[in-house]
Every structure is written in structure tokens, then in C-alpha cells.
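Novice: Below is the file input_10.json, which contains JSON, C-alpha atoms.
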```
[["chain", "number", "residue", "atom", "x", "y", "z"],
["A", 648, "MET", "CA", -27.64, -3.72, 3.10],
["A", 649, "THR", "CA", -29.23, -0.24, 3.16],
["A", 650, "ARG", "CA", -27.62, 2.86, 1.64],
["A", 651, "ASP", "CA", -27.09, 4.24, 5.15],
["A", 652, "GLU", "CA", -25.25, 1.08, 6.18],
["A", 653, "ILE", "CA", -23.11, 1.25, 3.05],
["A", 654, "TYR", "CA", -22.39, 4.94, 3.70],
["A", 655, "SER", "CA", -21.35, 4.21, 7.26],
["A", 656, "LYS", "CA", -18.90, 1.51, 6.16],
["A", 657, "VAL", "CA", -17.49, 3.70, 3.39],
["A", 658, "GLN", "CA", -17.04, 6.51, 5.90],
["A", 659, "GLY", "CA", -15.09, 4.16, 8.20],
["A", 660, "VAL", "CA", -12.88, 3.03, 5.32],
["A", 661, "LEU", "CA", -12.05, 6.63, 4.38],
["A", 662, "VAL", "CA", -11.32, 7.63, 7.97],
["A", 663, "ASP", "CA", -8.87, 4.72, 8.27],
["A", 664, "ALA", "CA", -7.30, 5.10, 4.84],
["A", 665, "LEU", "CA", -6.92, 8.87, 4.77],
["A", 666, "GLY", "CA", -6.55, 9.71, 8.46],
["A", 667, "VAL", "CA", -9.40, 12.23, 8.30],
["A", 668, "ASP", "CA", -12.12, 12.93, 10.87],
["A", 669, "GLU", "CA", -15.52, 11.34, 10.42],
["A", 670, "ASP", "CA", -17.25, 14.72, 10.02],
["A", 671, "GLU", "CA", -14.97, 15.60, 7.09],
["A", 672, "VAL", "CA", -16.34, 12.64, 5.14],
["A", 673, "THR", "CA", -19.50, 14.14, 3.66],
["A", 674, "PRO", "CA", -21.29, 12.73, 0.59],
["A", 675, "GLU", "CA", -20.07, 15.61, -1.59],
["A", 676, "ALA", "CA", -16.46, 15.62, -0.35],
["A", 677, "SER", "CA", -13.93, 15.08, -3.15],
["A", 678, "LEU", "CA", -11.44, 12.38, -2.27],
["A", 679, "ARG", "CA", -8.48, 14.27, -3.64],
["A", 680, "GLN", "CA", -9.34, 17.92, -3.14],
["A", 681, "ASP", "CA", -11.25, 17.79, 0.16],
["A", 682, "LEU", "CA", -9.86, 14.66, 1.82],
["A", 683, "GLY", "CA", -6.30, 14.87, 0.51],
["A", 684, "ALA", "CA", -6.14, 11.47, -1.17],
["A", 685, "GLU", "CA", -3.00, 10.76, -3.19],
["A", 686, "SER", "CA", -2.64, 8.17, -5.94],
["A", 687, "ILE", "CA", -1.64, 5.27, -3.65],
["A", 688, "ASP", "CA", -4.64, 6.03, -1.44],
["A", 689, "PHE", "CA", -6.98, 4.95, -4.25],
["A", 690, "LEU", "CA", -5.46, 1.46, -4.13],
["A", 691, "ASP", "CA", -5.58, 1.50, -0.31],
["A", 692, "ILE", "CA", -9.27, 2.49, -0.38],
["A", 693, "THR", "CA", -10.00, -0.25, -2.91],
["A", 694, "PHE", "CA", -8.35, -2.89, -0.69],
["A", 695, "ARG", "CA", -10.18, -1.65, 2.40],
["A", 696, "LEU", "CA", -13.54, -1.61, 0.63],
["A", 697, "GLU", "CA", -12.98, -5.17, -0.56],
["A", 698, "LYS", "CA", -12.31, -6.20, 3.03],
["A", 699, "ALA", "CA", -15.15, -4.20, 4.55],
["A", 700, "PHE", "CA", -17.79, -5.52, 2.15],
["A", 701, "THR", "CA", -16.71, -9.15, 2.20],
["A", 702, "THR", "CA", -19.20, -10.92, 4.44],
["A", 703, "ASP", "CA", -18.42, -14.44, 3.30],
["A", 704, "PRO", "CA", -14.70, -15.34, 3.05],
["A", 705, "ALA", "CA", -15.59, -18.01, 0.49],
["A", 706, "ASN", "CA", -17.18, -15.38, -1.73],
["A", 707, "LYS", "CA", -14.98, -12.32, -1.49],
["A", 708, "PHE", "CA", -16.17, -8.90, -2.61],
["A", 709, "THR", "CA", -13.66, -7.83, -5.24],
["A", 710, "ILE", "CA", -13.31, -4.60, -7.19],
["A", 711, "PRO", "CA", -11.80, -5.19, -10.63],
["A", 712, "ARG", "CA", -9.02, -2.81, -11.64],
["A", 713, "GLY", "CA", -10.40, 0.42, -13.07],
["A", 714, "ASP", "CA", -13.98, -0.43, -12.15],
["A", 715, "LEU", "CA", -14.34, 1.98, -9.25],
["A", 716, "PHE", "CA", -11.58, 4.51, -9.92],
["A", 717, "PRO", "CA", -11.12, 4.75, -13.69],
["A", 718, "GLU", "CA", -8.01, 6.90, -13.26],
["A", 719, "ASN", "CA", -6.10, 5.20, -16.01],
["A", 720, "MET", "CA", -8.92, 4.64, -18.52],
["A", 721, "ASP", "CA", -6.25, 2.92, -20.55],
["A", 722, "ASN", "CA", -8.35, 2.91, -23.66],
["A", 723, "PRO", "CA", -7.43, 4.98, -26.72],
["A", 724, "ASP", "CA", -11.16, 5.43, -27.37],
["A", 725, "TYR", "CA", -11.32, 7.39, -24.10],
["A", 726, "ILE", "CA", -7.99, 9.20, -23.88],
["A", 727, "GLN", "CA", -5.65, 10.34, -26.62],
["A", 728, "ASN", "CA", -2.47, 12.27, -25.84],
["A", 729, "GLY", "CA", -3.68, 12.95, -22.32],
["A", 730, "LYS", "CA", -6.96, 14.45, -23.50],
["A", 731, "LEU", "CA", -10.41, 12.95, -23.08],
["A", 732, "THR", "CA", -12.30, 12.10, -26.24],
["A", 733, "ASP", "CA", -16.08, 12.53, -26.47],
["A", 734, "ALA", "CA", -16.45, 8.84, -25.65],
["A", 735, "GLY", "CA", -14.12, 9.29, -22.65],
["A", 736, "LEU", "CA", -16.15, 12.22, -21.37],
["A", 737, "ALA", "CA", -19.35, 10.19, -21.73],
["A", 738, "GLU", "CA", -17.70, 7.35, -19.80],
["A", 739, "VAL", "CA", -16.71, 9.70, -16.97],
["A", 740, "ARG", "CA", -20.30, 11.02, -16.81],
["A", 741, "ARG", "CA", -21.62, 7.46, -16.74],
["A", 742, "ARG", "CA", -19.31, 6.37, -13.94],
["A", 743, "LEU", "CA", -19.47, 9.55, -11.91],
["A", 744, "PRO", "CA", -23.03, 10.80, -12.27],
["A", 745, "HIS", "CA", -22.72, 13.26, -9.37],
["A", 746, "ALA", "CA", -19.50, 14.86, -10.56],
["A", 747, "ASN", "CA", -19.30, 18.40, -11.86],
["A", 748, "VAL", "CA", -17.51, 17.86, -15.15],
["A", 749, "SER", "CA", -17.63, 21.44, -16.45],
["A", 750, "GLU", "CA", -13.87, 22.00, -16.07],
["A", 751, "LEU", "CA", -13.19, 18.65, -17.65],
["A", 752, "GLU", "CA", -15.45, 19.57, -20.57],
["A", 753, "ASN", "CA", -13.41, 22.71, -21.14],
["A", 754, "THR", "CA", -9.90, 21.37, -20.69],
["A", 755, "ARG", "CA", -10.40, 17.68, -21.54],
["A", 756, "ASP", "CA", -7.36, 17.13, -19.28],
["A", 757, "ALA", "CA", -7.46, 13.45, -18.21],
["A", 758, "ALA", "CA", -5.25, 14.24, -15.19],
["A", 759, "LEU", "CA", -8.24, 16.00, -13.62],
["A", 760, "ILE", "CA", -10.35, 12.83, -13.44],
["A", 761, "PRO", "CA", -9.20, 11.78, -9.95],
["A", 762, "ASP", "CA", -10.33, 15.20, -8.65],
["A", 763, "LEU", "CA", -13.91, 14.28, -9.46],
["A", 764, "PHE", "CA", -14.33, 11.25, -7.20],
["A", 765, "ALA", "CA", -16.61, 12.08, -4.32],
["A", 766, "VAL", "CA", -17.67, 9.98, -1.36],
["A", 767, "GLN", "CA", -21.16, 9.46, -2.79],
["A", 768, "ASP", "CA", -19.66, 7.99, -5.98],
["A", 769, "ILE", "CA", -18.15, 5.20, -3.89],
["A", 770, "VAL", "CA", -21.47, 4.66, -2.10],
["A", 771, "ASP", "CA", -23.29, 4.53, -5.46],
["A", 772, "TYR", "CA", -20.80, 2.02, -6.80],
["A", 773, "ILE", "CA", -21.10, -0.28, -3.78],
["A", 774, "GLU", "CA", -24.88, 0.00, -3.86],
["A", 775, "ARG", "CA", -24.91, -0.99, -7.54],
["A", 776, "ARG", "CA", -22.62, -3.92, -6.87],
["A", 777, "MET", "CA", -24.67, -5.12, -3.91],
["A", 778, "LYS", "CA", -27.88, -5.36, -5.97],
["B", 1432, "MET", "CA", 27.35, 0.79, 4.83],
["B", 1433, "ARG", "CA", 24.85, -1.60, 3.33],
["B", 1434, "TRP", "CA", 21.24, -0.46, 3.39],
["B", 1435, "ILE", "CA", 19.88, -3.64, 4.88],
["B", 1436, "TRP", "CA", 18.10, -3.77, 8.20],
["B", 1437, "ILE", "CA", 17.33, -7.45, 8.63],
["B", 1438, "ASP", "CA", 19.84, -10.23, 9.29],
["B", 1439, "LYS", "CA", 17.99, -13.34, 8.18],
["B", 1440, "PHE", "CA", 14.66, -14.96, 7.42],
["B", 1441, "VAL", "CA", 13.42, -17.54, 9.91],
["B", 1442, "GLU", "CA", 10.04, -18.19, 8.27],
["B", 1443, "PHE", "CA", 8.73, -17.64, 4.77],
["B", 1444, "THR", "CA", 5.35, -18.74, 3.45],
["B", 1445, "PRO", "CA", 4.93, -17.42, -0.10],
["B", 1446, "ARG", "CA", 2.17, -14.83, -0.61],
["B", 1447, "THR", "CA", 1.20, -15.17, 3.04],
["B", 1448, "CYS", "CA", 3.73, -14.25, 5.75],
["B", 1449, "ALA", "CA", 7.40, -13.92, 6.60],
["B", 1450, "THR", "CA", 9.46, -13.54, 9.74],
["B", 1451, "THR", "CA", 12.91, -12.02, 9.96],
["B", 1452, "VAL", "CA", 15.36, -11.30, 12.74],
["B", 1453, "LYS", "CA", 17.73, -8.44, 13.40],
["B", 1454, "ASN", "CA", 20.41, -8.38, 16.05],
["B", 1455, "VAL", "CA", 21.20, -4.86, 17.17],
["B", 1456, "SER", "CA", 24.87, -4.20, 17.84],
["B", 1457, "LEU", "CA", 26.46, -1.29, 19.65],
["B", 1458, "ALA", "CA", 28.96, -1.21, 16.77],
["B", 1459, "GLU", "CA", 26.32, 0.14, 14.40],
["B", 1460, "GLU", "CA", 27.14, 3.78, 13.72],
["B", 1461, "HIS", "CA", 23.58, 5.02, 13.33],
["B", 1462, "LEU", "CA", 22.65, 4.07, 16.91],
["B", 1463, "HIS", "CA", 24.77, 6.93, 18.18],
["B", 1464, "ASP", "CA", 23.33, 9.62, 15.96],
["B", 1465, "LEU", "CA", 19.88, 10.19, 17.45],
["B", 1466, "TYR", "CA", 20.55, 11.01, 21.12],
["B", 1467, "PRO", "CA", 24.03, 11.67, 22.58],
["B", 1468, "ASP", "CA", 25.09, 8.92, 25.02],
["B", 1469, "PHE", "CA", 21.78, 7.07, 24.62],
["B", 1470, "PRO", "CA", 22.06, 4.68, 21.68],
["B", 1471, "VAL", "CA", 18.71, 3.57, 20.23],
["B", 1472, "VAL", "CA", 17.47, 2.30, 16.88],
["B", 1473, "PRO", "CA", 15.50, 5.15, 15.25],
["B", 1474, "HIS", "CA", 11.86, 4.27, 14.66],
["B", 1475, "SER", "CA", 12.28, 5.06, 10.97],
["B", 1476, "LEU", "CA", 14.83, 2.24, 10.65],
["B", 1477, "ILE", "CA", 12.50, -0.17, 12.44],
["B", 1478, "VAL", "CA", 9.90, 0.74, 9.83],
["B", 1479, "GLU", "CA", 12.55, 0.16, 7.14],
["B", 1480, "GLY", "CA", 13.36, -3.30, 8.54],
["B", 1481, "PHE", "CA", 9.68, -4.18, 8.43],
["B", 1482, "ALA", "CA", 9.45, -2.77, 4.88],
["B", 1483, "GLN", "CA", 12.35, -4.97, 3.76],
["B", 1484, "THR", "CA", 10.72, -8.05, 5.29],
["B", 1485, "ALA", "CA", 7.28, -7.31, 3.82],
["B", 1486, "GLY", "CA", 8.71, -6.00, 0.54],
["B", 1487, "ILE", "CA", 10.61, -9.24, -0.17],
["B", 1488, "LEU", "CA", 7.43, -11.17, 0.68],
["B", 1489, "VAL", "CA", 5.43, -9.05, -1.80],
["B", 1490, "GLY", "CA", 8.16, -9.23, -4.46],
["B", 1491, "GLU", "CA", 8.48, -13.00, -4.21],
["B", 1492, "ALA", "CA", 4.73, -13.35, -4.76],
["B", 1493, "ARG", "CA", 5.33, -12.31, -8.38],
["B", 1494, "ASN", "CA", 8.72, -13.94, -8.69],
["B", 1495, "PHE", "CA", 10.50, -10.57, -8.35],
["B", 1496, "ALA", "CA", 9.13, -9.49, -11.72],
["B", 1497, "GLU", "CA", 7.62, -6.29, -10.31],
["B", 1498, "LYS", "CA", 9.45, -3.25, -8.96],
["B", 1499, "VAL", "CA", 7.95, -3.16, -5.47],
["B", 1500, "ILE", "CA", 8.11, 0.25, -3.81],
["B", 1501, "LEU", "CA", 7.03, 1.20, -0.30],
["B", 1502, "ALA", "CA", 4.20, 3.61, -1.08],
["B", 1503, "LYS", "CA", 2.45, 4.30, 2.20],
["B", 1504, "VAL", "CA", 2.92, 3.67, 5.90],
["B", 1505, "ALA", "CA", -0.73, 3.48, 6.89],
["B", 1506, "ARG", "CA", 0.05, 2.99, 10.56],
["B", 1507, "ALA", "CA", 3.12, 2.67, 12.76],
["B", 1508, "THR", "CA", 2.55, 2.51, 16.50],
["B", 1509, "PHE", "CA", 5.56, 2.14, 18.78],
["B", 1510, "HIS", "CA", 5.50, 0.70, 22.28],
["B", 1511, "ARG", "CA", 9.12, 0.51, 23.35],
["B", 1512, "LEU", "CA", 12.63, 1.49, 22.33],
["B", 1513, "VAL", "CA", 15.11, -0.89, 20.73],
["B", 1514, "ARG", "CA", 18.63, -0.73, 22.13],
["B", 1515, "PRO", "CA", 22.01, -2.40, 21.56],
["B", 1516, "GLY", "CA", 21.96, -6.08, 22.47],
["B", 1517, "ASP", "CA", 18.30, -6.46, 21.55],
["B", 1518, "THR", "CA", 17.17, -9.04, 19.02],
["B", 1519, "ILE", "CA", 14.09, -7.85, 17.20],
["B", 1520, "VAL", "CA", 11.71, -9.99, 15.17],
["B", 1521, "PHE", "CA", 9.71, -8.65, 12.23],
["B", 1522, "ARG", "CA", 6.51, -10.57, 11.40],
["B", 1523, "ALA", "CA", 4.86, -9.44, 8.17],
["B", 1524, "LYS", "CA", 1.62, -10.67, 6.66],
["B", 1525, "VAL", "CA", 0.14, -9.99, 3.23],
["B", 1526, "GLU", "CA", -3.36, -8.62, 3.69],
["B", 1527, "GLN", "CA", -4.21, -8.09, 0.04],
["B", 1528, "LEU", "CA", -2.29, -8.51, -3.18],
["B", 1529, "SER", "CA", -3.28, -7.32, -6.64],
["B", 1530, "GLU", "CA", -1.80, -6.48, -10.00],
["B", 1531, "GLN", "CA", -1.19, -2.93, -8.75],
["B", 1532, "GLY", "CA", 0.33, -3.59, -5.35],
["B", 1533, "ALA", "CA", -0.18, -5.03, -1.90],
["B", 1534, "SER", "CA", -1.20, -4.14, 1.61],
["B", 1535, "THR", "CA", 0.67, -5.71, 4.52],
["B", 1536, "SER", "CA", 0.53, -5.65, 8.28],
["B", 1537, "GLY", "CA", 2.49, -7.04, 11.17],
["B", 1538, "THR", "CA", 4.43, -6.60, 14.35],
["B", 1539, "VAL", "CA", 7.93, -6.04, 15.62],
["B", 1540, "THR", "CA", 8.77, -7.75, 18.88],
["B", 1541, "CYS", "CA", 11.72, -8.10, 21.24],
["B", 1542, "GLY", "CA", 11.41, -11.27, 23.27],
["B", 1543, "GLU", "CA", 7.86, -11.28, 24.59],
["B", 1544, "GLU", "CA", 7.51, -7.51, 24.30],
["B", 1545, "LEU", "CA", 5.74, -5.67, 21.52],
["B", 1546, "VAL", "CA", 7.95, -3.03, 19.91],
["B", 1547, "ALA", "CA", 5.68, -1.84, 17.11],
["B", 1548, "GLU", "CA", 2.57, -2.53, 15.05],
["B", 1549, "ILE", "CA", 2.83, -1.54, 11.41],
["B", 1550, "GLU", "CA", 0.60, -1.45, 8.34],
["B", 1551, "MET", "CA", 2.08, -0.50, 5.00],
["B", 1552, "MET", "CA", 1.31, -0.53, 1.30],
["B", 1553, "PHE", "CA", 3.52, -1.39, -1.61],
["B", 1554, "SER", "CA", 3.07, -0.29, -5.19],
["B", 1555, "HIS", "CA", 4.10, -2.16, -8.32],
["B", 1556, "ILE", "CA", 5.38, 1.01, -9.93],
["B", 1557, "ASP", "CA", 5.36, -0.22, -13.51],
["B", 1558, "GLN", "CA", 1.65, -0.93, -13.12],
["B", 1559, "ASN", "CA", 0.75, 2.34, -11.43],
["B", 1560, "MET", "CA", 2.94, 4.95, -13.04],
["B", 1561, "ALA", "CA", 2.37, 4.18, -16.69],
["B", 1562, "GLY", "CA", 4.12, 6.64, -18.92],
["B", 1563, "LEU", "CA", 6.97, 7.34, -16.50],
["B", 1564, "GLU", "CA", 10.30, 5.86, -17.44],
["B", 1565, "PHE", "CA", 12.07, 3.50, -15.06],
["B", 1566, "PRO", "CA", 15.16, 1.38, -15.72],
["B", 1567, "GLU", "CA", 14.38, -1.98, -17.34],
["B", 1568, "HIS", "CA", 16.20, -3.99, -14.69],
["B", 1569, "ASN", "CA", 14.67, -4.53, -11.27],
["B", 1570, "PHE", "CA", 16.63, -2.01, -9.20],
["B", 1571, "VAL", "CA", 14.59, -2.79, -6.07],
["B", 1572, "PHE", "CA", 15.54, -6.40, -5.54],
["B", 1573, "THR", "CA", 19.29, -6.26, -5.64],
["B", 1574, "GLU", "CA", 21.41, -9.29, -4.89],
["B", 1575, "GLN", "CA", 21.76, -8.45, -1.20],
["B", 1576, "PHE", "CA", 17.98, -8.88, -0.76],
["B", 1577, "THR", "CA", 17.51, -11.98, -2.88],
["B", 1578, "GLU", "CA", 20.53, -13.62, -1.21],
["B", 1579, "LEU", "CA", 18.75, -13.36, 2.15],
["B", 1580, "LEU", "CA", 15.89, -15.44, 0.85],
["B", 1581, "LYS", "CA", 18.23, -17.89, -0.86],
["B", 1582, "GLY", "CA", 20.04, -18.31, 2.46],
["B", 1583, "TYR", "CA", 16.79, -19.17, 4.21],
["B", 1584, "ARG", "CA", 15.79, -21.63, 1.49],
["B", 1585, "ALA", "CA", 19.17, -23.29, 1.71],
["B", 1586, "GLY", "CA", 18.44, -23.93, 5.37],
["B", 1587, "GLY", "CA", 20.91, -21.34, 6.55],
["B", 1588, "VAL", "CA", 23.81, -23.33, 5.13],
["B", 1589, "VAL", "CA", 26.35, -21.10, 3.41],
["B", 1590, "ARG", "CA", 29.04, -22.79, 1.34],
["B", 1591, "ILE", "CA", 32.41, -21.07, 1.15]]
```
Starting from the file, give its structure as C-alpha cells.
Specialist:
Amino acid sequence: MTRDEIYSKVQGVLVDALGVDEDEVTPEASLRQDLGAESIDFLDITFRLEKAFTTDPANKFTIPRGDLFPENMDNPDYIQNGKLTDAGLAEVRRRLPHANVSELENTRDAALIPDLFAVQDIVDYIERRMK
Amino acid sequence: MRWIWIDKFVEFTPRTCATTVKNVSLAEEHLHDLYPDFPVVPHSLIVEGFAQTAGILVGEARNFAEKVILAKVARATFHRLVRPGDTIVFRAKVEQLSEQGASTSGTVTCGEELVAEIEMMFSHIDQNMAGLEFPEHNFVFTEQFTELLKGYRAGGVVRI
């Protein structure tokens, strides 16, 4: 599957899950800030992606918890008292290579992590998984 | 008034699908509140009836260990009104189920006619809202809900 094909499917998933117009779903659009995603929408998007990218019902495409949207990062190495550690910040950079983490670097506020997810991060993730 | 908008289960396949029935009676107070002299079941209560059907299906999948909360109505399309004397049937199907919650879909019908098509998501709140405090006991699945399922499993036989 080409990146364009993946992008097109991801766009369809976001239109259905978030009730937005297709032209609002740009690669740089932030799921939370630009497309209005709320916490339950991240689970909805995960379910819809699993469905959209399953081509063989006997071999379902699954997204393990925390693999795509590491909003919890339930690991004391990453988050302590609601603040990101150095290891946590490195993990965010690794998982979200396109994200602008400057505010996160300053505040270390873990609650800001969901703001960073952009459409292209989902496309990157799917592309990695498809290889 | 009891906050329950289904009368009984007529089909229940664990983790897969469930069907419930509601008989709408002119005696129900809420029917008279929406439009004067034109009693109808508000769409929001049709959604609630579907949520109760699907919610019990999702809760049973984990033996009622999770607090299952309606988190999102992804779609609700209505095709006709429901009025006193109607019997409506809720058919709910589990689309996906995970540690964090479930997505469901289904229909509401009256006889052969389609009343509504609904998609909704449920959250297992203890899994998704870590750090927030909720009561220990499962306040979602009270006895009035679990009794409905027990009634179905007993074959509709109620001993008095």
C-alpha cells in the first residue's frame, strides 16, 4: 500500500470519527487542536483504523494499547507527578517525529501530549506497521 | 420513575449481539412532554434504549467487572417517529471490543419499518480515566439492569 493510499484511508477514518470535512484533514492538522478530537475519539479512531486496514479477516490489523496514541505513557520512567522526564520527552520525540515539542520541553506537562498528534503521525505509524 | 427504557431481552449472544423490545404505552408521562397533544417518544430516549441494550451487551462481555459508560454517539439517524402503541425492537452489535472500551452499532425497528440507525461507543472508565476517583462498586450495572438479563436467561420465567 502506498503512502497516498494510506493517507486517503486515514483521512476517511478521521472524517467519519470526528465529523470534519475532508479538506480540514491536512497532514499537519493536530487531532485535538485543529480537528477537535476529545479523549474518547482517540479510541474511536483506533478502532476505525483497525477496521480500515484489516484486509484479511483471519489476520486482523490490531493496534496495541498505547502504541499509536501514547497518551497515558503509564511508565514512571516517562512521567512522574504529571511531568515528563528526559526519557519521556525522548520517547515523545521518537513516536511523534513531526511534532513541535518546544512547549512540552518548557512545561514538561504530560497533559499536553495529546495536543501533539497530527494526521501525518498516524500515516507514519500505519506506514511503519505495513512494512 | 425507573430509568429503564427496554422491557426485555429476546436475544443475547455474548460479545456479539443482543436484541431487546420496548412496548410504548400512552401511560408513560414523558410522551406528553415534547409536543402538546401529540405524544411521541423523544429521539434521545430511543438512543438511551439502544444504549441500555448495547451497554449490557458490552458489560456482560467482561462479566460486569468494568464500569461501562456511554462515551460517544457517533451516529444516530432517525427515519420515523415512535408513538403510543408501538413496539420497538433494538438490535445492537459489538463492532470492536478492547480493554479500554467498545464500539457498537445497530438498528431500531417498529414492525418492518426502520426507526433509527445508531453507532455508539462505550468507555471502560476505570481504564481510561486513571487517576480520577470513582466509587469501588459498579454503579452502572444496578440490579434493574442485571435482572433483565437474568430474566432472559431464565427463559422469561419469573417465580413469585
Novice: Have a look at B:Leu1501, B:Val1452, B:Val1471, B:Ile1437 and name the one nearest to B:Thr1540; count all atoms listed in the file.
Specialist: B:Val1452
Novice: What does the distance between atom CA of B:Ala1533 and atom CA of A:Leu678 come to in Å, to one decimal place?
Specialist: 20.7 Å
Novice: Atom CA of A:Leu661 to atom CA of A:Lys698: how many Å, to one decimal?
Specialist: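 Atom CA of A:Leu661 sits 12.9 Å away from atom CA of A:Lys698.
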Novice: Please indicate the distance in Å from atom CA of B:Thr1508 to atom CA of B:Ala1547, rounded to one decimal place.
Specialist: 5.4 Å
Novice: Hey, which bits of chain B sit within 8 Å of chain A, and for each residue what's the closest pair of atoms and how far apart in Å (one decimal), counting all atoms listed in the file, rows by chain and increasing number, as CSV?
Specialist:
```
residue,atom,partner,partner_atom,distance
B:Ala1502,CA,A:Ile687,CA,6.6
B:Lys1503,CA,A:Ile687,CA,7.2
B:Ala1505,CA,A:Ala664,CA,7.1
B:Gln1527,CA,A:Phe694,CA,6.7
B:Gln1531,CA,A:Leu690,CA,7.7
B:Gly1532,CA,A:Leu690,CA,7.8
B:Ser1534,CA,A:Asp691,CA,7.4
B:Met1552,CA,A:Asp691,CA,7.4
B:Ser1554,CA,A:Ile687,CA,7.4
```
Novice: Tell me which residues come within 12 Å of (10.2, -8.9, -10.7), as a list in words, counting all atoms listed in the file in the file's coordinates.
Specialist: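 Checking each residue against the 12 Å limit leaves Gly1486, Ile1487, Leu1488, Val1489, Gly1490, Glu1491, Ala1492, Arg1493, Asn1494, Phe1495, Ala1496, Glu1497, Lys1498, Val1499, Ile1500, His1555, Ile1556, Asp1557, Gln1558, Glu1567, His1568, Asn1569, Phe1570, Val1571, Phe1572, Thr1573 and Thr1577 of chain B.
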Novice: From the list A:Gln727, A:Gln680, A:Thr709, A:Thr701, which residue is nearest A:Leu759 when using all atoms listed in the file?
Specialist: A:Gln680
Novice: N, CA and C atoms for stretch 651-673 of chain A, written as a CSV table (one decimal), in the coordinates of the input, could you do that?
Specialist:
```csv
chain,number,residue,atom,x,y,z
A,651,ASP,N,-27.7,3.7,3.9
A,651,ASP,CA,-27.1,4.2,5.2
A,651,ASP,C,-26.0,3.3,5.7
A,652,GLU,N,-26.3,2.0,5.7
A,652,GLU,CA,-25.2,1.1,6.2
A,652,GLU,C,-24.0,1.1,5.3
A,653,ILE,N,-24.2,1.2,4.0
A,653,ILE,CA,-23.1,1.2,3.0
A,653,ILE,C,-22.3,2.5,3.3
A,654,TYR,N,-23.0,3.6,3.5
A,654,TYR,CA,-22.4,4.9,3.7
A,654,TYR,C,-21.5,4.9,5.0
A,655,SER,N,-22.1,4.3,6.0
A,655,SER,CA,-21.4,4.2,7.3
A,655,SER,C,-20.1,3.4,7.1
A,656,LYS,N,-20.1,2.3,6.4
A,656,LYS,CA,-18.9,1.5,6.2
A,656,LYS,C,-17.9,2.3,5.3
A,657,VAL,N,-18.4,2.9,4.3
A,657,VAL,CA,-17.5,3.7,3.4
A,657,VAL,C,-16.8,4.8,4.2
A,658,GLN,N,-17.6,5.4,5.1
A,658,GLN,CA,-17.0,6.5,5.9
A,658,GLN,C,-15.9,6.0,6.8
A,659,GLY,N,-16.1,4.8,7.4
A,659,GLY,CA,-15.1,4.2,8.2
A,659,GLY,C,-13.8,3.8,7.4
A,660,VAL,N,-14.0,3.4,6.2
A,660,VAL,CA,-12.9,3.0,5.3
A,660,VAL,C,-12.1,4.3,5.0
A,661,LEU,N,-12.8,5.4,4.7
A,661,LEU,CA,-12.0,6.6,4.4
A,661,LEU,C,-11.4,7.2,5.6
A,662,VAL,N,-12.0,7.1,6.7
A,662,VAL,CA,-11.3,7.6,8.0
A,662,VAL,C,-10.0,6.9,8.2
A,663,ASP,N,-10.1,5.5,8.1
A,663,ASP,CA,-8.9,4.7,8.3
A,663,ASP,C,-7.8,4.9,7.2
A,664,ALA,N,-8.3,5.0,5.9
A,664,ALA,CA,-7.3,5.1,4.8
A,664,ALA,C,-6.7,6.5,4.7
A,665,LEU,N,-7.4,7.5,5.0
A,665,LEU,CA,-6.9,8.9,4.8
A,665,LEU,C,-6.6,9.6,6.0
A,666,GLY,N,-6.9,9.0,7.2
A,666,GLY,CA,-6.6,9.7,8.5
A,666,GLY,C,-7.3,11.0,8.6
A,667,VAL,N,-8.6,11.0,8.1
A,667,VAL,CA,-9.4,12.2,8.3
A,667,VAL,C,-10.4,12.0,9.4
A,668,ASP,N,-11.1,13.1,9.9
A,668,ASP,CA,-12.1,12.9,10.9
A,668,ASP,C,-13.4,12.5,10.2
A,669,GLU,N,-14.3,11.8,11.0
A,669,GLU,CA,-15.5,11.3,10.4
A,669,GLU,C,-16.4,12.5,9.8
A,670,ASP,N,-16.4,13.6,10.5
A,670,ASP,CA,-17.2,14.7,10.0
A,670,ASP,C,-16.7,15.4,8.7
A,671,GLU,N,-15.5,15.1,8.4
A,671,GLU,CA,-15.0,15.6,7.1
A,671,GLU,C,-15.5,14.8,5.9
A,672,VAL,N,-15.9,13.5,6.2
A,672,VAL,CA,-16.3,12.6,5.1
A,672,VAL,C,-17.8,12.9,4.9
A,673,THR,N,-18.1,13.8,4.0
A,673,THR,CA,-19.5,14.1,3.7
A,673,THR,C,-19.8,13.5,2.3
```
